[in-house]
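The structure under discussion appears below in the form of C-alpha cells.
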Amino acid sequence: MSLKPLGIVTEIVESAGMGISYAYEDLVFLEHNAFLLEFTANDKELLVHTNSEAEESEVKDSIARLKNVAVAHGMTFTDGGLYTLTQADDENIRIDFF
C-alpha cells in the first residue's frame with residue numbers, strides 16, 4: 001500500500017478554513033463531522049462523504065470551497081455517499097456508508 005498524501009490534504013483542508021481531527025487508514029475526519037474524506041486508489045482523488053445527519057444546505061458551500069482549493073493543489077475531491085456515525089463501545093465508533 002502506497003503512502004497517502006496526507007500532508008497535501010491537510011494543507012487543502014486548512015486553506016479552506018477547516019481542520020482535521022483524526023486520520024485513520026484511508027479516512028480523514030474533519031473537526032465538524034458534517035463530512036469526511038476517503039482516499040481512493042488514485043492518490044490525486046479523494047471522496048467526500050456527507051454525514052446523513054448534516055443539512056445539505058449547510059455543508060454545500062464548505063464542500064464547494066474544499067473542492068476549489070483541492071483543484072488549485074492538483075487534486076480532485078469527488079462526491080461520495082452518505083455515512084452515519086454511531087458509538088460501538090466506549091473506545092470505538094461505527095461508520096456505515098450508504
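By convention here, the chains of the C-alpha cells are called A, B, ... in the order presented, each chain's residues are numbered starting at 1, and ligands are numbered starting at 1 in the order presented.
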List as a ChimeraX atom specification the protein and nucleic acid residues near A:Asn68, meaning an atom at most 9 Å away when only C-alpha atoms are counted, but skip any in the same chain fewer than 6 places from it. /A:16,76-77
As a VMD selection string, which residues of chain A does DSSP assign to strand (DSSP E or B)? chain A and resid 20 to 24 27 to 30 35 to 39 45 to 51 76 to 87 93 to 97
N, CA and C atoms of the current selection, written as a compact mmCIF listing (two decimals), in the first residue's frame:
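The file below, result.txt, is the result:
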```txt
# COMPACT_ATOMS: atom_id res chain seq x y z
N ILE A 20 -8.47 19.15 10.48
CA ILE A 20 -8.57 17.70 10.56
C ILE A 20 -8.50 17.30 12.02
N SER A 21 -9.43 16.44 12.43
CA SER A 21 -9.41 15.99 13.81
C SER A 21 -8.70 14.64 13.95
N TYR A 22 -8.74 13.80 12.89
CA TYR A 22 -8.19 12.46 13.00
C TYR A 22 -8.05 11.85 11.62
N ALA A 23 -6.99 11.10 11.39
CA ALA A 23 -6.82 10.34 10.15
C ALA A 23 -6.59 8.89 10.54
N TYR A 24 -7.31 7.99 9.90
CA TYR A 24 -7.18 6.56 10.19
C TYR A 24 -7.26 5.80 8.87
N LEU A 27 -9.23 7.08 5.77
CA LEU A 27 -10.25 8.06 6.12
C LEU A 27 -9.63 9.27 6.82
N VAL A 28 -10.16 10.45 6.50
CA VAL A 28 -9.72 11.69 7.14
C VAL A 28 -10.96 12.34 7.73
N PHE A 29 -10.99 12.46 9.05
CA PHE A 29 -12.13 13.03 9.76
C PHE A 29 -11.87 14.52 9.98
N LEU A 30 -12.84 15.33 9.61
CA LEU A 30 -12.72 16.76 9.81
C LEU A 30 -13.31 17.14 11.16
N PHE A 35 -18.87 16.09 7.20
CA PHE A 35 -18.43 15.22 6.12
C PHE A 35 -17.03 14.73 6.43
N LEU A 36 -16.61 13.66 5.76
CA LEU A 36 -15.27 13.12 5.92
C LEU A 36 -14.71 12.81 4.55
N LEU A 37 -13.41 12.60 4.50
CA LEU A 37 -12.71 12.35 3.25
C LEU A 37 -12.20 10.93 3.23
N GLU A 38 -12.20 10.33 2.05
CA GLU A 38 -11.69 8.97 1.88
C GLU A 38 -10.72 8.94 0.70
N PHE A 39 -9.50 8.48 0.96
CA PHE A 39 -8.54 8.30 -0.11
C PHE A 39 -9.03 7.20 -1.04
N GLU A 45 -7.07 11.81 -5.96
CA GLU A 45 -8.52 11.90 -5.82
C GLU A 45 -8.96 11.41 -4.45
N LEU A 46 -9.86 12.15 -3.84
CA LEU A 46 -10.48 11.74 -2.59
C LEU A 46 -11.99 11.83 -2.75
N LEU A 47 -12.69 10.98 -2.01
CA LEU A 47 -14.15 11.04 -1.97
C LEU A 47 -14.56 11.88 -0.77
N VAL A 48 -15.61 12.66 -0.94
CA VAL A 48 -16.17 13.46 0.14
C VAL A 48 -17.51 12.83 0.51
N HIS A 49 -17.57 12.18 1.66
CA HIS A 49 -18.80 11.55 2.15
C HIS A 49 -19.48 12.50 3.14
N THR A 50 -20.79 12.65 3.01
CA THR A 50 -21.55 13.56 3.86
C THR A 50 -22.26 12.80 4.97
N ASN A 51 -22.20 13.33 6.18
CA ASN A 51 -22.90 12.74 7.32
C ASN A 51 -24.40 12.83 7.05
N THR A 76 -8.40 16.23 -6.89
CA THR A 76 -9.84 16.23 -7.13
C THR A 76 -10.55 15.64 -5.93
N PHE A 77 -11.55 16.36 -5.43
CA PHE A 77 -12.41 15.86 -4.36
C PHE A 77 -13.76 15.58 -5.00
N THR A 78 -14.15 14.32 -5.03
CA THR A 78 -15.36 13.86 -5.71
C THR A 78 -16.44 13.54 -4.69
N ASP A 79 -17.69 13.81 -5.05
CA ASP A 79 -18.80 13.48 -4.16
C ASP A 79 -18.85 11.98 -3.94
N GLY A 80 -18.92 11.59 -2.68
CA GLY A 80 -19.10 10.20 -2.30
C GLY A 80 -20.55 10.00 -1.91
N GLY A 81 -20.78 9.16 -0.94
CA GLY A 81 -22.14 8.90 -0.49
C GLY A 81 -22.40 9.49 0.88
N LEU A 82 -23.38 8.92 1.54
CA LEU A 82 -23.72 9.32 2.90
C LEU A 82 -23.12 8.32 3.88
N TYR A 83 -22.94 8.78 5.11
CA TYR A 83 -22.48 7.88 6.18
C TYR A 83 -23.16 8.26 7.49
N THR A 84 -23.14 7.32 8.41
CA THR A 84 -23.60 7.59 9.78
C THR A 84 -22.50 7.15 10.74
N LEU A 85 -22.43 7.85 11.86
CA LEU A 85 -21.52 7.51 12.95
C LEU A 85 -22.33 7.09 14.16
N THR A 86 -21.97 5.96 14.75
CA THR A 86 -22.60 5.53 15.99
C THR A 86 -21.51 5.04 16.94
N GLN A 87 -21.77 5.14 18.20
CA GLN A 87 -20.82 4.67 19.21
C GLN A 87 -20.94 3.16 19.30
N ILE A 93 -15.96 3.74 17.37
CA ILE A 93 -17.16 4.21 16.68
C ILE A 93 -17.41 3.29 15.50
N ARG A 94 -18.64 3.29 15.04
CA ARG A 94 -19.01 2.50 13.88
C ARG A 94 -19.40 3.48 12.77
N ILE A 95 -18.87 3.25 11.58
CA ILE A 95 -19.18 4.08 10.42
C ILE A 95 -19.88 3.19 9.41
N ASP A 96 -21.08 3.61 9.03
CA ASP A 96 -21.82 2.90 7.99
C ASP A 96 -21.93 3.80 6.77
N PHE A 97 -21.51 3.30 5.63
CA PHE A 97 -21.59 4.05 4.37
C PHE A 97 -22.79 3.56 3.57
```
Interatomic distance between atom CA of A:Ile12 and atom CA of A:Glu25? 18.5 Å
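Of the residues under consideration (A:Phe98, A:Ser52, A:Thr40, A:Val13), A:Val13 shows the shortest atom-to-atom contact distance to A:Ala64 when counting only C-alpha atoms.
Closest approach to A:Arg65 among A:Asp26, A:Glu53, A:Glu14, A:Glu91 is made by A:Glu14 (distances from only C-alpha atoms).
Excluding A:Ser15 itself and same-chain residues fewer than 5 positions from it, the residues having an atom within 9 Å of it are Thr10, Leu66 and Val69 of chain A, counting only C-alpha atoms.
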Would you pick out the contacts of A:Pro5 at 9 Å or less, using only C-alpha atoms, so that residues sharing its chain but fewer than 2 positions from it are not included, and give the list as an mmCIF file with N, CA, C and O atoms, in the first residue's frame?
```cif
data_model
loop_
_atom_site.group_PDB
_atom_site.id
_atom_site.type_symbol
_atom_site.label_atom_id
_atom_site.label_comp_id
_atom_site.auth_asym_id
_atom_site.auth_seq_id
_atom_site.Cartn_x
_atom_site.Cartn_y
_atom_site.Cartn_z
ATOM 1 N N LEU A 3 1.947 5.231 0.387
ATOM 2 C CA LEU A 3 1.649 6.277 1.362
ATOM 3 C C LEU A 3 0.693 7.281 0.742
ATOM 4 O O LEU A 3 0.853 7.699 -0.401
ATOM 5 N N GLY A 7 -0.253 15.088 3.998
ATOM 6 C CA GLY A 7 0.256 16.453 4.172
ATOM 7 C C GLY A 7 -0.402 17.429 3.211
ATOM 8 O O GLY A 7 -0.798 18.530 3.606
ATOM 9 N N ILE A 8 -0.543 17.022 1.959
ATOM 10 C CA ILE A 8 -1.200 17.879 0.965
ATOM 11 C C ILE A 8 -2.671 18.054 1.318
ATOM 12 O O ILE A 8 -3.215 19.157 1.234
ATOM 13 N N VAL A 9 -3.325 16.972 1.732
ATOM 14 C CA VAL A 9 -4.740 17.048 2.107
ATOM 15 C C VAL A 9 -4.912 17.963 3.318
ATOM 16 O O VAL A 9 -5.843 18.775 3.357
ATOM 17 N N THR A 10 -4.020 17.889 4.273
ATOM 18 C CA THR A 10 -4.072 18.777 5.441
ATOM 19 C C THR A 10 -3.951 20.230 5.000
ATOM 20 O O THR A 10 -4.698 21.090 5.472
ATOM 21 N N PHE A 39 -9.504 8.475 0.958
ATOM 22 C CA PHE A 39 -8.539 8.301 -0.112
ATOM 23 C C PHE A 39 -9.027 7.198 -1.044
ATOM 24 O O PHE A 39 -9.667 6.238 -0.607
ATOM 25 N N ASP A 43 -4.051 8.555 -5.949
ATOM 26 C CA ASP A 43 -3.561 9.464 -4.902
ATOM 27 C C ASP A 43 -3.922 10.927 -5.140
ATOM 28 O O ASP A 43 -3.724 11.754 -4.263
ATOM 29 N N LYS A 44 -4.449 11.250 -6.298
ATOM 30 C CA LYS A 44 -4.850 12.623 -6.609
ATOM 31 C C LYS A 44 -6.354 12.824 -6.453
ATOM 32 O O LYS A 44 -6.872 13.887 -6.769
#
```
